[in-house]
Every structure is written in structure tokens, then in C-alpha cells.
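Text of the file my_file-v2.pdb, holding PDB, C-alpha atoms and all ligand atoms:
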ATOM      1  CA  MET A   1     101.998  96.200 113.283
ATOM      2  CA  LYS A   2     103.440  99.435 114.745
ATOM      3  CA  HIS A   3     103.989 101.413 111.506
ATOM      4  CA  TYR A   4     103.798 100.661 107.776
ATOM      5  CA  THR A   5     106.581 102.571 106.069
ATOM      6  CA  ASN A   6     108.217  99.643 104.288
ATOM      7  CA  ILE A   7     107.112  96.182 103.205
ATOM      8  CA  LYS A   8     109.464  94.759 105.871
ATOM      9  CA  ASP A   9     106.921  95.999 108.457
ATOM     10  CA  ILE A  10     104.684  93.077 107.438
ATOM     11  CA  SER A  11     105.532  90.235 109.819
ATOM     12  CA  ASN A  12     103.811  87.434 107.866
ATOM     13  CA  LEU A  13     103.257  88.302 104.212
ATOM     14  CA  THR A  14     101.474  85.079 103.217
ATOM     15  CA  ASP A  15      98.946  85.398 106.038
ATOM     16  CA  THR A  16      98.525  89.133 105.401
ATOM     17  CA  ILE A  17      97.689  88.532 101.713
ATOM     18  CA  LYS A  18      95.233  85.753 102.647
ATOM     19  CA  GLU A  19      93.593  87.987 105.235
ATOM     20  CA  ALA A  20      93.329  90.865 102.735
ATOM     21  CA  ILE A  21      91.547  88.549 100.268
ATOM     22  CA  LEU A  22      89.122  87.534 103.054
ATOM     23  CA  LEU A  23      88.514  91.227 103.880
ATOM     24  CA  LYS A  24      87.666  91.804 100.226
ATOM     25  CA  MET A  25      84.901  89.198 100.518
ATOM     26  CA  ASN A  26      83.582  90.706 103.757
ATOM     27  CA  PRO A  27      84.842  94.307 103.992
ATOM     28  CA  TYR A  28      82.634  95.348 106.937
ATOM     29  CA  GLU A  29      83.489  92.363 109.170
ATOM     30  CA  PHE A  30      85.628  94.566 111.445
ATOM     31  CA  SER A  31      83.587  97.764 111.167
ATOM     32  CA  ASP A  32      83.718  98.251 114.971
ATOM     33  CA  LEU A  33      87.510  98.000 115.211
ATOM     34  CA  GLY A  34      88.125 101.617 114.243
ATOM     35  CA  GLN A  35      85.228 103.150 116.166
ATOM     36  CA  HIS A  36      86.267 106.460 117.797
ATOM     37  CA  LYS A  37      89.647 106.236 116.050
ATOM     38  CA  THR A  38      90.817 108.824 113.520
ATOM     39  CA  LEU A  39      93.070 108.498 110.482
ATOM     40  CA  VAL A  40      94.714 111.768 109.415
ATOM     41  CA  MET A  41      95.987 111.633 105.839
ATOM     42  CA  LEU A  42      98.626 114.198 104.834
ATOM     43  CA  PHE A  43      99.279 114.808 101.151
ATOM     44  CA  PHE A  44     102.380 116.691 100.028
ATOM     45  CA  ASN A  45     101.579 115.468  96.477
ATOM     46  CA  ALA A  46      98.613 114.631  94.281
ATOM     47  CA  SER A  47      96.755 111.333  94.469
ATOM     48  CA  LEU A  48      93.612 109.664  93.203
ATOM     49  CA  ARG A  49      93.838 105.968  94.180
ATOM     50  CA  THR A  50      95.821 106.231  97.394
ATOM     51  CA  ARG A  51      93.625 108.986  98.739
ATOM     52  CA  LEU A  52      90.266 107.362  97.975
ATOM     53  CA  SER A  53      91.198 103.735  98.672
ATOM     54  CA  THR A  54      92.838 104.517 102.017
ATOM     55  CA  GLU A  55      89.854 106.632 103.088
ATOM     56  CA  LYS A  56      87.505 103.840 102.017
ATOM     57  CA  ALA A  57      89.580 101.252 103.886
ATOM     58  CA  ALA A  58      89.538 103.330 107.072
ATOM     59  CA  LYS A  59      85.767 103.870 106.819
ATOM     60  CA  ASN A  60      85.208 100.128 106.234
ATOM     61  CA  LEU A  61      86.873  99.663 109.637
ATOM     62  CA  GLY A  62      84.669 102.335 111.227
ATOM     63  CA  MET A  63      87.372 105.023 111.495
ATOM     64  CA  ASN A  64      86.925 108.762 111.121
ATOM     65  CA  VAL A  65      89.104 110.272 108.400
ATOM     66  CA  MET A  66      90.600 113.761 108.108
ATOM     67  CA  ILE A  67      92.583 114.800 105.030
ATOM     68  CA  LEU A  68      95.014 117.685 104.751
ATOM     69  CA  ASN A  69      96.651 118.795 101.507
ATOM     70  CA  VAL A  70      99.831 120.003 103.147
ATOM     71  CA  ASN A  71     100.374 122.719 100.556
ATOM     72  CA  ASP A  72      97.216 124.395 101.945
ATOM     73  CA  ALA A  73      98.789 124.568 105.426
ATOM     74  CA  TRP A  74     101.916 126.304 106.783
ATOM     75  CA  ASN A  75     105.177 125.531 104.986
ATOM     76  CA  LEU A  76     106.958 122.917 107.084
ATOM     77  CA  GLU A  77     110.622 122.952 108.092
ATOM     78  CA  PHE A  78     112.315 119.551 108.431
ATOM     79  CA  GLU A  79     115.956 120.468 109.094
ATOM     80  CA  ASP A  80     117.234 120.620 112.665
ATOM     81  CA  GLY A  81     118.597 123.896 113.992
ATOM     82  CA  THR A  82     117.470 126.009 111.025
ATOM     83  CA  ILE A  83     117.015 129.728 111.519
ATOM     84  CA  MET A  84     113.489 129.901 110.166
ATOM     85  CA  ASN A  85     113.620 133.382 108.690
ATOM     86  CA  ALA A  86     112.766 132.340 105.104
ATOM     87  CA  ASN A  87     109.859 130.387 103.596
ATOM     88  CA  THR A  88     109.058 127.819 106.299
ATOM     89  CA  SER A  89     106.609 128.801 109.048
ATOM     90  CA  GLU A  90     106.261 125.695 111.208
ATOM     91  CA  HIS A  91     108.707 122.990 112.271
ATOM     92  CA  ILE A  92     107.888 119.301 111.905
ATOM     93  CA  LYS A  93     108.671 118.919 115.641
ATOM     94  CA  GLU A  94     105.556 120.902 116.589
ATOM     95  CA  ALA A  95     103.432 119.915 113.599
ATOM     96  CA  ALA A  96     103.855 116.149 114.073
ATOM     97  CA  GLN A  97     103.089 116.340 117.783
ATOM     98  CA  VAL A  98     100.034 118.526 117.203
ATOM     99  CA  ILE A  99      98.643 116.280 114.461
ATOM    100  CA  SER A 100      99.235 113.260 116.737
ATOM    101  CA  GLN A 101      96.747 114.776 119.195
ATOM    102  CA  TYR A 102      94.063 114.746 116.500
ATOM    103  CA  ALA A 103      94.963 111.337 115.041
ATOM    104  CA  ASP A 104      95.292 107.709 116.109
ATOM    105  CA  VAL A 105      97.110 106.918 112.865
ATOM    106  CA  ILE A 106      98.853 109.324 110.462
ATOM    107  CA  ALA A 107      99.337 108.489 106.774
ATOM    108  CA  VAL A 108     101.787 110.547 104.718
ATOM    109  CA  ARG A 109     102.475 110.985 100.996
ATOM    110  CA  ALA A 110     105.693 112.861 100.184
ATOM    111  CA  PHE A 111     107.499 112.333  96.875
ATOM    112  CA  PRO A 112     111.259 112.763  96.321
ATOM    113  CA  SER A 113     112.909 115.913  94.983
ATOM    114  CA  LEU A 114     114.713 113.825  92.305
ATOM    115  CA  THR A 115     117.450 116.470  92.515
ATOM    116  CA  ASP A 116     119.127 115.572  95.831
ATOM    117  CA  LYS A 117     119.780 111.824  95.967
ATOM    118  CA  LEU A 118     121.217 111.784  99.483
ATOM    119  CA  LYS A 119     118.345 113.767 100.929
ATOM    120  CA  ASP A 120     115.749 111.653  99.112
ATOM    121  CA  GLU A 121     117.418 108.437 100.294
ATOM    122  CA  SER A 122     117.399 109.744 103.869
ATOM    123  CA  GLU A 123     113.560 109.744 103.700
ATOM    124  CA  LEU A 124     113.629 113.025 105.628
ATOM    125  CA  VAL A 125     109.871 113.647 105.580
ATOM    126  CA  MET A 126     108.749 110.106 106.471
ATOM    127  CA  ASN A 127     111.463 109.677 109.104
ATOM    128  CA  SER A 128     110.688 113.080 110.643
ATOM    129  CA  PHE A 129     107.076 112.004 111.135
ATOM    130  CA  MET A 130     108.308 108.694 112.582
ATOM    131  CA  THR A 131     110.550 110.585 114.997
ATOM    132  CA  HIS A 132     108.231 113.353 116.127
ATOM    133  CA  ALA A 133     104.714 111.891 115.845
ATOM    134  CA  THR A 134     103.423 109.879 118.776
ATOM    135  CA  VAL A 135     101.078 107.621 116.760
ATOM    136  CA  PRO A 136     101.669 104.986 114.029
ATOM    137  CA  ILE A 137     102.728 106.210 110.584
ATOM    138  CA  ILE A 138     101.655 104.769 107.226
ATOM    139  CA  ASN A 139     103.646 105.468 104.069
ATOM    140  CA  MET A 140     101.307 106.456 101.210
ATOM    141  CA  GLU A 141     104.370 106.802  98.892
ATOM    142  CA  SER A 142     107.587 108.332 100.030
ATOM    143  CA  ALA A 143     110.840 109.306  98.340
ATOM    144  CA  THR A 144     111.944 105.704  97.824
ATOM    145  CA  ALA A 145     108.988 103.404  98.567
ATOM    146  CA  HIS A 146     105.307 102.791  97.874
ATOM    147  CA  PRO A 147     104.519  99.843 100.155
ATOM    148  CA  LEU A 148     100.702 100.099  99.970
ATOM    149  CA  GLN A 149     100.914  99.789  96.174
ATOM    150  CA  ALA A 150     103.288  96.824  96.460
ATOM    151  CA  LEU A 151     100.924  95.050  98.858
ATOM    152  CA  ALA A 152      97.997  95.599  96.449
ATOM    153  CA  ASP A 153     100.197  94.211  93.639
ATOM    154  CA  ALA A 154     101.041  91.142  95.722
ATOM    155  CA  ILE A 155      97.344  90.557  96.476
ATOM    156  CA  THR A 156      96.511  90.896  92.753
ATOM    157  CA  ILE A 157      99.152  88.399  91.620
ATOM    158  CA  SER A 158      98.160  85.967  94.413
ATOM    159  CA  GLU A 159      94.526  86.125  93.307
ATOM    160  CA  LEU A 160      95.226  85.717  89.593
ATOM    161  CA  THR A 161      98.170  83.355  89.311
ATOM    162  CA  GLU A 162      97.583  79.886  87.934
ATOM    163  CA  LYS A 163     101.106  78.772  88.840
ATOM    164  CA  ALA A 164     102.879  78.115  92.142
ATOM    165  CA  LYS A 165     105.830  80.245  90.926
ATOM    166  CA  PRO A 166     104.773  82.619  88.129
ATOM    167  CA  LYS A 167     107.266  84.516  85.994
ATOM    168  CA  VAL A 168     106.874  88.251  86.641
ATOM    169  CA  VAL A 169     108.700  90.858  84.559
ATOM    170  CA  LEU A 170     109.135  94.453  85.675
ATOM    171  CA  SER A 171     109.568  96.439  82.471
ATOM    172  CA  TRP A 172     110.611 100.091  82.288
ATOM    173  CA  ALA A 173     108.615 102.193  79.795
ATOM    174  CA  PRO A 174     109.142 105.674  78.385
ATOM    175  CA  HIS A 175     107.582 108.789  79.931
ATOM    176  CA  PRO A 176     108.082 112.485  79.188
ATOM    177  CA  LYS A 177     108.595 113.429  82.861
ATOM    178  CA  ALA A 178     111.098 112.400  85.520
ATOM    179  CA  LEU A 179     109.289 109.982  87.836
ATOM    180  CA  PRO A 180     110.404 108.483  91.173
ATOM    181  CA  GLN A 181     111.796 104.955  91.597
ATOM    182  CA  ALA A 182     109.472 104.319  94.582
ATOM    183  CA  VAL A 183     106.905 102.034  92.905
ATOM    184  CA  ALA A 184     109.580  99.941  91.187
ATOM    185  CA  ASN A 185     111.619  99.680  94.414
ATOM    186  CA  SER A 186     108.730  98.416  96.530
ATOM    187  CA  PHE A 187     107.467  96.118  93.762
ATOM    188  CA  VAL A 188     110.896  94.481  93.435
ATOM    189  CA  GLU A 189     111.216  94.035  97.204
ATOM    190  CA  MET A 190     107.703  92.604  97.410
ATOM    191  CA  MET A 191     108.296  90.110  94.571
ATOM    192  CA  GLN A 192     111.584  89.034  96.199
ATOM    193  CA  SER A 193     109.571  88.182  99.337
ATOM    194  CA  MET A 194     107.194  85.891  97.427
ATOM    195  CA  ALA A 195     107.416  82.666  95.403
ATOM    196  CA  ILE A 196     107.978  84.620  92.183
ATOM    197  CA  ASP A 197     110.463  84.256  89.327
ATOM    198  CA  LEU A 198     111.251  87.968  88.883
ATOM    199  CA  THR A 199     113.136  89.571  85.976
ATOM    200  CA  ILE A 200     113.756  93.304  85.499
ATOM    201  CA  THR A 201     114.212  94.919  82.090
ATOM    202  CA  HIS A 202     115.139  98.519  81.264
ATOM    203  CA  PRO A 203     117.522 100.449  79.036
ATOM    204  CA  GLU A 204     121.099 100.852  80.235
ATOM    205  CA  GLY A 205     121.360 103.763  82.662
ATOM    206  CA  TYR A 206     118.081 102.945  84.421
ATOM    207  CA  GLU A 207     119.509 100.470  86.950
ATOM    208  CA  LEU A 208     117.679 100.669  90.259
ATOM    209  CA  SER A 209     119.644 100.778  93.500
ATOM    210  CA  GLU A 210     121.637  97.557  93.979
ATOM    211  CA  ALA A 211     120.464  97.612  97.591
ATOM    212  CA  ILE A 212     116.989  96.938  96.142
ATOM    213  CA  THR A 213     117.672  94.663  93.167
ATOM    214  CA  LYS A 214     120.246  92.414  94.905
ATOM    215  CA  ASN A 215     120.453  89.176  92.839
ATOM    216  CA  THR A 216     117.337  89.753  90.708
ATOM    217  CA  PRO A 217     118.264  89.268  87.019
ATOM    218  CA  VAL A 218     118.364  92.416  84.895
ATOM    219  CA  ILE A 219     118.080  91.862  81.127
ATOM    220  CA  TYR A 220     118.565  94.893  78.864
ATOM    221  CA  ASP A 221     116.841  93.203  75.901
ATOM    222  CA  GLN A 222     113.129  93.726  76.623
ATOM    223  CA  ASN A 223     111.903  91.001  74.225
ATOM    224  CA  GLU A 224     114.285  88.476  75.743
ATOM    225  CA  ALA A 225     113.160  89.403  79.280
ATOM    226  CA  LEU A 226     109.467  89.107  78.378
ATOM    227  CA  LYS A 227     109.712  85.509  77.098
ATOM    228  CA  ASP A 228     107.193  83.207  78.851
ATOM    229  CA  ALA A 229     106.105  85.939  81.282
ATOM    230  CA  ASP A 230     102.898  85.333  83.255
ATOM    231  CA  PHE A 231     102.645  88.929  84.541
ATOM    232  CA  VAL A 232     104.249  92.041  83.063
ATOM    233  CA  TYR A 233     104.422  95.035  85.394
ATOM    234  CA  VAL A 234     105.174  98.182  83.414
ATOM    235  CA  LYS A 235     106.468 101.324  85.093
ATOM    236  CA  ASN A 236     108.577 104.313  84.204
ATOM    237  CA  TRP A 237     111.218 105.612  86.569
ATOM    238  CA  SER A 238     113.927 108.212  86.138
ATOM    239  CA  SER A 239     117.589 107.295  86.268
ATOM    240  CA  TYR A 240     118.940 106.376  89.700
ATOM    241  CA  LYS A 241     122.613 106.526  88.615
ATOM    242  CA  ASP A 242     122.274 109.891  86.833
ATOM    243  CA  TYR A 243     119.865 110.845  89.546
ATOM    244  CA  GLY A 244     116.425 112.035  88.455
ATOM    245  CA  LYS A 245     117.352 112.402  84.779
ATOM    246  CA  VAL A 246     115.272 111.286  81.783
ATOM    247  CA  LEU A 247     117.934 109.550  79.661
ATOM    248  CA  ASN A 248     115.763 107.748  77.158
ATOM    249  CA  GLN A 249     112.346 108.260  75.568
ATOM    250  CA  ASP A 250     112.630 105.441  73.037
ATOM    251  CA  GLU A 251     109.051 104.546  72.117
ATOM    252  CA  ASN A 252     110.188 101.010  71.282
ATOM    253  CA  TRP A 253     110.046 100.385  75.056
ATOM    254  CA  MET A 254     106.279 101.068  75.129
ATOM    255  CA  MET A 255     104.312  97.906  76.019
ATOM    256  CA  THR A 256     102.339  96.487  73.104
ATOM    257  CA  LYS A 257      99.930  93.570  72.703
ATOM    258  CA  ALA A 258     102.510  91.774  70.551
ATOM    259  CA  LYS A 259     105.213  92.062  73.223
ATOM    260  CA  LEU A 260     102.861  91.123  76.065
ATOM    261  CA  GLY A 261     102.152  87.672  74.620
ATOM    262  CA  HIS A 262      99.804  85.788  76.955
ATOM    263  CA  ALA A 263     100.878  87.647  80.088
ATOM    264  CA  LYS A 264      98.631  89.738  82.282
ATOM    265  CA  PHE A 265      99.402  93.453  82.180
ATOM    266  CA  MET A 266      99.926  95.357  85.433
ATOM    267  CA  HIS A 267     100.493  99.045  86.148
ATOM    268  CA  CYS A 268      99.980 101.059  89.335
ATOM    269  CA  LEU A 269      98.184 103.901  87.471
ATOM    270  CA  PRO A 270      97.927 106.692  86.497
ATOM    271  CA  VAL A 271      99.223 105.652  83.087
ATOM    272  CA  ARG A 272      99.819 107.616  79.891
ATOM    273  CA  ARG A 273      98.113 105.754  77.055
ATOM    274  CA  ASN A 274     100.166 105.168  73.904
ATOM    275  CA  VAL A 275     103.310 106.413  75.638
ATOM    276  CA  VAL A 276     103.776 103.815  78.397
ATOM    277  CA  VAL A 277     101.390 101.213  76.959
ATOM    278  CA  GLU A 278      99.254 101.029  73.861
ATOM    279  CA  ASP A 279      95.444 101.189  73.984
ATOM    280  CA  ALA A 280      95.152  97.608  72.709
ATOM    281  CA  VAL A 281      96.725  96.343  75.952
ATOM    282  CA  LEU A 282      94.767  98.528  78.392
ATOM    283  CA  ASP A 283      91.502  97.806  76.593
ATOM    284  CA  SER A 284      92.067  94.040  76.537
ATOM    285  CA  GLU A 285      91.110  91.291  78.969
ATOM    286  CA  GLN A 286      94.806  90.874  79.732
ATOM    287  CA  SER A 287      94.948  94.194  81.586
ATOM    288  CA  VAL A 288      94.371  93.818  85.342
ATOM    289  CA  VAL A 289      95.015  97.466  86.255
ATOM    290  CA  ILE A 290      91.441  98.009  87.477
ATOM    291  CA  GLN A 291      91.605  94.961  89.771
ATOM    292  CA  GLN A 292      94.982  96.239  91.032
ATOM    293  CA  ALA A 293      93.451  99.612  91.879
ATOM    294  CA  ASN A 294      90.545  97.881  93.635
ATOM    295  CA  ASN A 295      93.011  95.929  95.747
ATOM    296  CA  ARG A 296      94.477  99.198  97.017
ATOM    297  CA  THR A 297      91.479  99.343  99.379
ATOM    298  CA  PHE A 298      92.134  95.909 100.839
ATOM    299  CA  ALA A 299      95.878  96.472 101.100
ATOM    300  CA  ALA A 300      95.208  99.641 103.099
ATOM    301  CA  GLN A 301      92.473  97.932 105.097
ATOM    302  CA  ILE A 302      94.636  94.995 106.213
ATOM    303  CA  VAL A 303      97.430  97.407 107.185
ATOM    304  CA  LEU A 304      95.044  99.629 109.165
ATOM    305  CA  LYS A 305      93.469  96.558 110.794
ATOM    306  CA  GLN A 306      96.851  95.234 111.933
ATOM    307  CA  ILE A 307      97.807  98.680 113.290
ATOM    308  CA  LEU A 308      94.455  99.177 115.080
ATOM    309  CA  GLU A 309      94.791  95.735 116.703
ATOM    310  CA  GLU A 310      98.020  96.923 118.377
ATOM    311  CA  LEU A 311      96.836 100.355 119.546
TER     312      LEU A 311
HETATM  313  N1  LIG B   1      99.038 104.205  92.214
HETATM  314  C1  LIG B   1      98.865 105.313  92.967
HETATM  315  O1  LIG B   1      99.510 105.483  94.014
HETATM  316  O2  LIG B   1      97.911 106.159  92.490
HETATM  317  P1  LIG B   1      97.695 107.658  92.996
HETATM  318  O3  LIG B   1      98.984 108.393  92.742
HETATM  319  O4  LIG B   1      96.543 108.175  92.200
HETATM  320  O5  LIG B   1      97.404 107.621  94.475
END
What is this structure when it is put down as C-alpha cells?
Amino acid sequence: MKHYTNIKDISNLTDTIKEAILLKMNPYEFSDLGQHKTLVMLFFNASLRTRLSTEKAAKNLGMNVMILNVNDAWNLEFEDGTIMNANTSEHIKEAAQVISQYADVIAVRAFPSLTDKLKDESELVMNSFMTHATVPIINMESATAHPLQALADAITISELTEKAKPKVVLSWAPHPKALPQAVANSFVEMMQSMAIDLTITHPEGYELSEAITKNTPVIYDQNEALKDADFVYVKNWSSYKDYGKVLNQDENWMMTKAKLGHAKFMHCLPVRRNVVVEDAVLDSEQSVVIQQANNRTFAAQIVLKQILEEL
């Protein structure tokens, strides 16, 4: 693997999931692979799971890890040809090349603006690092994608499914803030790459990009969509059509134990209790959110392993 910015960077998903599950059983098996190699993690936004699980994964492989909260450094300029006489002090062209001298792999988290659809869809930050850095880049959640989360989700479903082709439902849920579509986008693309019967449900106005959903069924009636589900993945996202807007806060879309039926409950976390999902779900045996978060380590570790093997 050269970079991991999108789930399409995984050449063999089935083997990658199997190998991640093996790593989970023996996490220090390749603890020499990353010796004298450094992972630099750059955070433009907050994180709990991604930050700790990716650091843990790198250390399991013997790597050194350096973390920079980018807001503590110089304000970066990403546009070409800008006269930098305002708020930005350093251009990505220099910054990415400099960081590449300190790193063997760079991981970046940079959320969308949710105000400028074209700019967000251009993945300016992630693509600027891809262009100007001289080492592999890992996406720790960008404007439109969260491929490490999607790989952890795929590992979790593979471990827990009792069926060859489980029914998985991605259900929108209410949230007071405008959130990105990145988790939903990568989850949909990941499920489309697996032997999964995927259905998406959300209120009208919350359609994801058709470039992502393709032929996946979208059912606006949540109860209808949830029928016979084996896994229910709940996530809020802001409107893609009316870009970045919160159009609906209908609490009837919150996931409840009654609606969940016998399905397992998934969420990427962090989650707002009794807004997105009721306590009775999160506190039940049906919730697998803690296992999902644990699998973030092994998703990151298999990605780092595949990158290190090609350095
Ligand atoms: N799921 C996830 O990416 O969590 P963090 O935002 O805490 O990293």
C-alpha cells in the first residue's frame, strides 16, 4: 500500500480484514517492522479514538510517533499563488516537505468546512499533503471520507456476523450540530465492497452524494428500513443537498431498543446519549460500539503494516 486516503487503496479487502483479525490475536508479531520509522500525526480537529488507536497501532509495530495539533503551529496556506499578507504564515508546499523529513508516514485529520461544498469535495488539505509530502499519507478523517473508521467497521461486522450476507442498515439520527458526511460515505463504500445487504434510511433532504450511494436502496421510512436488520449503524450527518445545513431534529429518528429489534447496534463514537440513541441501546448487550472502537487499533495497524512493507 502506498497511501491510505480512501478505502479503494486496499487492494484485497477480504485478506486485509482476515489479517487485521490475526493481528488482534497477536498484536506484537511485527514489532520490528516499524523500528527506526516515525509516524507523524497531524490533527486539524479534535479526536479521541483516532488519535489513541493510531498511536497504539504504530507502537505495536515498533514505530516512533510524533503528534502535532496543527492549531498550535503556524497557520497553513493551501491555495496556490496567494499573496500571504493575511492570516496564514506558512505554505503547505514547505510544511509538507519539512514534515516529510521528520516522518516515514504522515497521518492527517482535517474536517470539512460544511460551508463550501466544492472546496470540501476537492479534498484540498488531504490532496495538498499527497502532492507536496514525499512520504505515504494516511487519512484520519478528511472532508469526505473516514476510511480507518470504515475498515474498523468492516472488521467488526466480519467478526460478529452469523450470516454469509447480513442485512446492514445505515440509519440517520438527529443531532443539534452540523456534522460531516465522511463517516457515512466511507461506511457505505465499505459495505458496497463486501457481501452485505445494505439499506440506507434518513429523512428526505439528507440524501448522500449519488456518487457514493450508487444503487444502494434508500428507504425514507425508518421502521420499514430496519425490518430484519442484523446490524444497525446509526450516524448523523448534515444535508449534502442543502450543503451543511441541519434540516431536521425530529427525535422520532433517535434509535431505540424497540426499533433495533434483534440487531446489533453500531456507531463510530462519540455519540450523544438520548439524542442519537437511547441509553437502553448503548447499555445493552446489543451495542458493539466498544468492540468497534477497539478495532480502530487493528484497522490502523494493518494499514500501517501494509505501508511499512512497501517503504
Ligand atoms: N470515531 C472517531 O473517529 O472518533 P474520534 O473522533 O474520537 O477520533
Of the candidates A:Val65, A:Met266, A:Leu226, A:Leu304, which shows the shortest atom-to-atom distance to ligand LIG 1 (chain B), using only C-alpha atoms and all ligand atoms?
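Looking at the shortest contact to ligand LIG 1 (chain B), the residue is A:Met266.
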Shell of 12 Å around ligand LIG 1 (chain B) (all atoms listed in the file), written as a ChimeraX atom specification
/A:43-55,108-111,139-142,145-153,179-180,182-184,186-187,235,266-271,289-290,292-297,300
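The residues caught by the PyMOL selection byres (((chain A and resi 113) around 12) and not hetatm) in this file are A:Phe44, A:Asn45, A:Ala110, A:Phe111, A:Pro112, A:Leu114, A:Thr115, A:Asp116, A:Lys117, A:Leu118, A:Lys119, A:Asp120, A:Glu121, A:Ser122, A:Glu123, A:Leu124, A:Val125, A:Ser142, A:Ala143, A:Thr144, A:Ala178, A:Leu179, A:Pro180, A:Gln181, A:Ser238, A:Tyr243, A:Gly244, A:Lys245.
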Between CA of Val276 in chain A and CA of Pro217 in chain A, measure the distance and give it in Å to one decimal.
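Answer for the CA of Val276 in chain A to CA of Pro217 in chain A separation: 22.3 Å.
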Result set of the PyMOL selection byres (((chain A and resi 73) around 12) and not hetatm) on the coordinates above, as a PyMOL selection string
chain A and resi 42-44+67-72+74-76+88-90+95
How many Å separate CA of Phe231 in chain A from CA of Lys264 in chain A?
4.7 Å
Two-atom distance - CA of Gly62 in chain A, CA of Leu308 in chain A (Å)
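Distance between the two atoms: 11.0 Å.
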Given the choices A:Phe78, A:Ile212, A:Glu162, A:Tyr206, which gets closest to Met190 in chain A if the distance is worked out from only C-alpha atoms?
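Distance minimum relative to Met190 in chain A lands on A:Ile212.
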